[in-house]
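J.: target-v1.cif is the file, holding mmCIF, C-alpha atoms:
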data_query
loop_
_atom_site.group_PDB
_atom_site.id
_atom_site.type_symbol
_atom_site.label_atom_id
_atom_site.label_comp_id
_atom_site.auth_asym_id
_atom_site.auth_seq_id
_atom_site.Cartn_x
_atom_site.Cartn_y
_atom_site.Cartn_z
ATOM 1 C CA MET A 15 1.396 -9.178 3.881
ATOM 2 C CA GLU A 16 -0.552 -12.357 4.282
ATOM 3 C CA GLN A 17 0.998 -15.754 3.681
ATOM 4 C CA ARG A 18 -1.360 -16.441 0.758
ATOM 5 C CA ASP A 19 -0.109 -13.269 -0.961
ATOM 6 C CA ILE A 20 3.486 -14.409 -0.548
ATOM 7 C CA LEU A 21 2.525 -17.803 -1.972
ATOM 8 C CA LYS A 22 0.996 -16.165 -5.059
ATOM 9 C CA ILE A 23 3.980 -13.871 -5.612
ATOM 10 C CA ASN A 24 6.441 -16.739 -5.276
ATOM 11 C CA ARG A 25 4.440 -19.023 -7.552
ATOM 12 C CA GLN A 26 4.234 -16.383 -10.259
ATOM 13 C CA LEU A 27 7.936 -15.528 -10.039
ATOM 14 C CA LEU A 28 8.931 -19.189 -10.214
ATOM 15 C CA LEU A 29 6.616 -19.854 -13.165
ATOM 16 C CA LEU A 30 7.792 -16.765 -15.036
ATOM 17 C CA THR A 31 11.416 -17.664 -14.414
ATOM 18 C CA ARG A 32 10.899 -21.230 -15.616
ATOM 19 C CA GLN A 33 9.051 -20.008 -18.697
ATOM 20 C CA MET A 34 11.803 -17.533 -19.580
ATOM 21 C CA ALA A 35 14.711 -19.883 -18.855
ATOM 22 C CA ASN A 36 15.504 -20.385 -22.533
ATOM 23 C CA ASP A 37 15.611 -16.652 -23.240
ATOM 24 C CA GLY A 38 19.183 -16.235 -22.002
ATOM 25 C CA ASP A 39 20.064 -12.737 -20.833
ATOM 26 C CA ALA A 40 16.443 -11.627 -21.119
ATOM 27 C CA ALA A 41 15.478 -14.051 -18.354
ATOM 28 C CA GLU A 42 18.031 -12.542 -16.001
ATOM 29 C CA LEU A 43 17.046 -8.992 -16.880
ATOM 30 C CA MET A 44 13.301 -9.596 -16.605
ATOM 31 C CA THR A 45 13.320 -11.653 -13.403
ATOM 32 C CA GLY A 46 16.400 -10.390 -11.562
ATOM 33 C CA VAL A 47 17.351 -13.999 -10.912
ATOM 34 C CA PRO A 48 20.962 -15.108 -11.545
ATOM 35 C CA LYS A 49 21.494 -17.484 -14.492
ATOM 36 C CA SER A 50 22.607 -20.328 -12.220
ATOM 37 C CA VAL A 51 19.340 -20.103 -10.278
ATOM 38 C CA ILE A 52 17.290 -19.761 -13.475
ATOM 39 C CA ASP A 53 18.839 -23.012 -14.698
ATOM 40 C CA LYS A 54 17.763 -24.766 -11.475
ATOM 41 C CA ILE A 55 14.240 -23.344 -11.593
ATOM 42 C CA ALA A 56 13.948 -24.496 -15.218
ATOM 43 C CA THR A 57 14.235 -28.100 -14.050
ATOM 44 C CA LEU A 58 11.384 -27.865 -11.537
ATOM 45 C CA ASP A 59 8.011 -29.392 -12.354
ATOM 46 C CA MET A 60 4.706 -27.843 -11.267
ATOM 47 C CA GLU A 61 4.551 -29.865 -8.058
ATOM 48 C CA GLU A 62 8.051 -28.752 -7.058
ATOM 49 C CA ILE A 63 7.251 -25.124 -7.869
ATOM 50 C CA GLU A 64 4.082 -25.249 -5.810
ATOM 51 C CA GLU A 65 5.857 -26.870 -2.882
ATOM 52 C CA LEU A 66 8.672 -24.322 -2.951
ATOM 53 C CA ALA A 67 6.237 -21.416 -3.219
ATOM 54 C CA GLU A 68 4.265 -22.755 -0.246
ATOM 55 C CA THR A 69 7.164 -23.579 2.047
ATOM 56 C CA VAL A 70 9.748 -20.828 1.587
ATOM 57 C CA GLY A 71 7.785 -18.455 3.861
ATOM 58 C CA VAL A 72 9.213 -15.182 2.514
ATOM 59 C CA SER A 73 8.850 -13.372 -0.772
ATOM 60 C CA LEU A 74 11.410 -14.485 -3.346
ATOM 61 C CA TYR A 75 10.775 -11.237 -5.222
ATOM 62 C CA THR A 76 13.008 -8.285 -4.421
ATOM 63 C CA LEU A 77 12.977 -4.729 -5.719
ATOM 64 C CA ARG A 78 16.172 -4.142 -7.705
ATOM 65 C CA PHE A 79 16.354 -0.371 -7.478
ATOM 66 C CA SER A 80 18.003 1.872 -4.963
ATOM 67 C CA ASP A 81 15.879 4.534 -3.324
ATOM 68 C CA PRO A 82 17.214 7.306 -5.614
ATOM 69 C CA THR A 83 16.614 5.198 -8.737
ATOM 70 C CA PHE A 84 13.088 4.313 -7.666
ATOM 71 C CA THR A 85 12.315 7.937 -6.770
ATOM 72 C CA ARG A 86 13.541 9.075 -10.192
ATOM 73 C CA LEU A 87 11.427 6.380 -11.854
ATOM 74 C CA LEU A 88 8.308 7.625 -10.081
ATOM 75 C CA GLN A 89 8.990 11.175 -11.278
ATOM 76 C CA MET A 90 9.414 10.242 -14.938
ATOM 77 C CA PRO A 91 6.721 10.548 -17.559
ATOM 78 C CA ARG A 92 4.862 7.280 -18.060
ATOM 79 C CA ASP A 93 6.262 6.711 -21.553
ATOM 80 C CA ALA A 94 9.888 7.029 -20.368
ATOM 81 C CA ARG A 95 9.741 4.580 -17.469
ATOM 82 C CA SER A 96 10.363 1.372 -19.400
ATOM 83 C CA THR A 97 13.444 2.733 -21.162
ATOM 84 C CA TYR A 98 14.845 4.139 -17.920
ATOM 85 C CA THR A 99 14.202 0.870 -16.095
ATOM 86 C CA GLU A 100 15.946 -1.229 -18.728
ATOM 87 C CA ALA A 101 18.922 1.131 -18.841
ATOM 88 C CA ALA A 102 19.222 1.145 -15.049
ATOM 89 C CA LEU A 103 19.067 -2.649 -14.828
ATOM 90 C CA VAL A 104 21.523 -3.265 -17.666
ATOM 91 C CA SER A 105 23.952 -0.738 -16.208
ATOM 92 C CA ASN A 106 23.785 -2.354 -12.774
ATOM 93 C CA THR A 107 24.221 -5.905 -14.085
ATOM 94 C CA ARG A 108 27.319 -4.870 -15.989
ATOM 95 C CA GLY A 109 28.879 -3.296 -12.946
ATOM 96 C CA GLY A 110 28.216 0.242 -14.109
ATOM 97 C CA ALA A 111 27.315 3.181 -11.948
ATOM 98 C CA THR A 112 24.024 2.994 -10.150
ATOM 99 C CA PHE A 113 21.514 5.192 -11.925
ATOM 100 C CA PRO A 114 20.421 8.226 -9.958
#
Could you render the structure from this file as structure tokens?

T.:
Amino acid sequence: MEQRDILKINRQLLLLTRQMANDGDAAELMTGVPKSVIDKIATLDMEEIEELAETVGVSLYTLRFSDPTFTRLLQMPRDARSTYTEAALVSNTRGGATFP
């Protein structure tokens, strides 16, 4: 992955997180970012977001599914994926069993 791709991914994640900061639990669920970090990102201005995106050097985005969960997701019908994804994420954030 090229550095410019990482910059774009980080910028978009930071902007999305900042935009969703006032949405409470939805922000955590949609971004995968802990509330304490969301609160910090919410205080950043555009210049700070750009600087962070440029200088961190690695992707801030991480895939939140285990291999079995992701494999199951790929096998599901298109119209069932969103529901499965939400259920898997909510279950994992509440300390429930990891979805197969």

J.: Out of A:Met60, A:Ser96, A:Thr45, A:Lys54, which residue has the shortest atom-to-atom distance to Leu77 of chain A when counting only C-alpha atoms?

T.: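 Closest residue, counting only C-alpha atoms: A:Thr45.
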
J.: Care to translate the PyMOL selection byres ((chain A and resi 40) around 12) into actual residues of this file, as an NGL selection string?

T.: :A and (30-31 or 33-39 or 41-49 or 52 or 100 or 103-104 or 107)

J.: Between atom CA of Phe79 of chain A and atom CA of Arg18 of chain A, what is the spacing in Å?

T.: 25.3 Å

J.: Between A:Gln17, A:Arg25, A:Asp53, A:Asp59, which is the closest to Leu74 of chain A once you count all atoms listed in the file?

T.: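 Residue with the minimum atom-to-atom distance to Leu74 of chain A: A:Arg25.
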
J.: Calculate how many Å separate atom CA of Arg86 of chain A from atom CA of Ser105 of chain A, rounding to one decimal.

T.: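 Answer for the atom CA of Arg86 of chain A to atom CA of Ser105 of chain A separation: 15.5 Å.
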
J.: What is the atom CA of Ala102 of chain A to atom CA of Asp19 of chain A distance in Å?

T.: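 For atom CA of Ala102 of chain A relative to atom CA of Asp19 of chain A, the distance reads 27.9 Å.
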
J.: Please, which residues are within 10 Å of (10.8, -9.8, -0.8) by the file's coordinates, counting only C-alpha atoms, and could they come as number ranges by chain?

T.: A: 20, 23-24, 72-77

J.: Name the residues, using the chain letters and numbers of the file, that sit within 8 Å of (7.4, -21.9, -8.1) when counting only C-alpha atoms, and give them as a ChimeraX atom specification.

T.: /A:24-29,55,58,60,62-67

J.: Quick one: which residues end up in the PyMOL selection byres ((chain A and resi 84) around 12) for this structure, as a ChimeraX atom specification?

T.: /A:77-83,85-90,95,98-99,102-103,112-114

J.: Specify the axis-aligned box that encloses all atoms of segment 43-56 of chain A listed in the file after padding of 6 Å on each side, stating its centre and edge lengths in Å to one decimal as JSON.

T.:
{"center_x": 18.0, "center_y": -16.9, "center_z": -13.6, "size_x": 21.3, "size_y": 27.8, "size_z": 18.6}

J.: Kindly complete segment 58-73 of chain A to N, CA and C atoms; the output should be written as a compact mmCIF listing (two decimals), in the frame of the given file.

T.:
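Result file is rebuild00.txt:
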# COMPACT_ATOMS: atom_id res chain seq x y z
N LEU A 58 12.46 -27.54 -12.48
CA LEU A 58 11.38 -27.86 -11.54
C LEU A 58 10.08 -28.15 -12.28
N ASP A 59 9.34 -29.14 -11.81
CA ASP A 59 8.01 -29.39 -12.35
C ASP A 59 6.99 -28.60 -11.53
N MET A 60 5.74 -28.64 -11.93
CA MET A 60 4.71 -27.84 -11.27
C MET A 60 4.57 -28.19 -9.79
N GLU A 61 4.67 -29.45 -9.46
CA GLU A 61 4.55 -29.86 -8.06
C GLU A 61 5.70 -29.29 -7.23
N GLU A 62 6.90 -29.29 -7.77
CA GLU A 62 8.05 -28.75 -7.06
C GLU A 62 7.95 -27.23 -6.91
N ILE A 63 7.45 -26.57 -7.94
CA ILE A 63 7.25 -25.12 -7.87
C ILE A 63 6.22 -24.79 -6.80
N GLU A 64 5.13 -25.49 -6.80
CA GLU A 64 4.08 -25.25 -5.81
C GLU A 64 4.60 -25.48 -4.40
N GLU A 65 5.32 -26.57 -4.20
CA GLU A 65 5.86 -26.87 -2.88
C GLU A 65 6.84 -25.79 -2.42
N LEU A 66 7.71 -25.36 -3.30
CA LEU A 66 8.67 -24.32 -2.95
C LEU A 66 7.95 -23.02 -2.63
N ALA A 67 6.99 -22.65 -3.45
CA ALA A 67 6.24 -21.42 -3.22
C ALA A 67 5.52 -21.45 -1.87
N GLU A 68 5.01 -22.61 -1.50
CA GLU A 68 4.26 -22.76 -0.25
C GLU A 68 5.16 -22.77 0.98
N THR A 69 6.36 -23.31 0.85
CA THR A 69 7.16 -23.58 2.05
C THR A 69 8.28 -22.59 2.33
N VAL A 70 8.62 -21.73 1.38
CA VAL A 70 9.75 -20.83 1.59
C VAL A 70 9.44 -19.77 2.66
N GLY A 71 8.18 -19.32 2.76
CA GLY A 71 7.78 -18.45 3.86
C GLY A 71 8.08 -16.97 3.71
N VAL A 72 8.92 -16.60 2.77
CA VAL A 72 9.21 -15.18 2.51
C VAL A 72 9.10 -14.94 1.02
N SER A 73 8.94 -13.70 0.64
CA SER A 73 8.85 -13.37 -0.77
C SER A 73 10.19 -13.58 -1.45
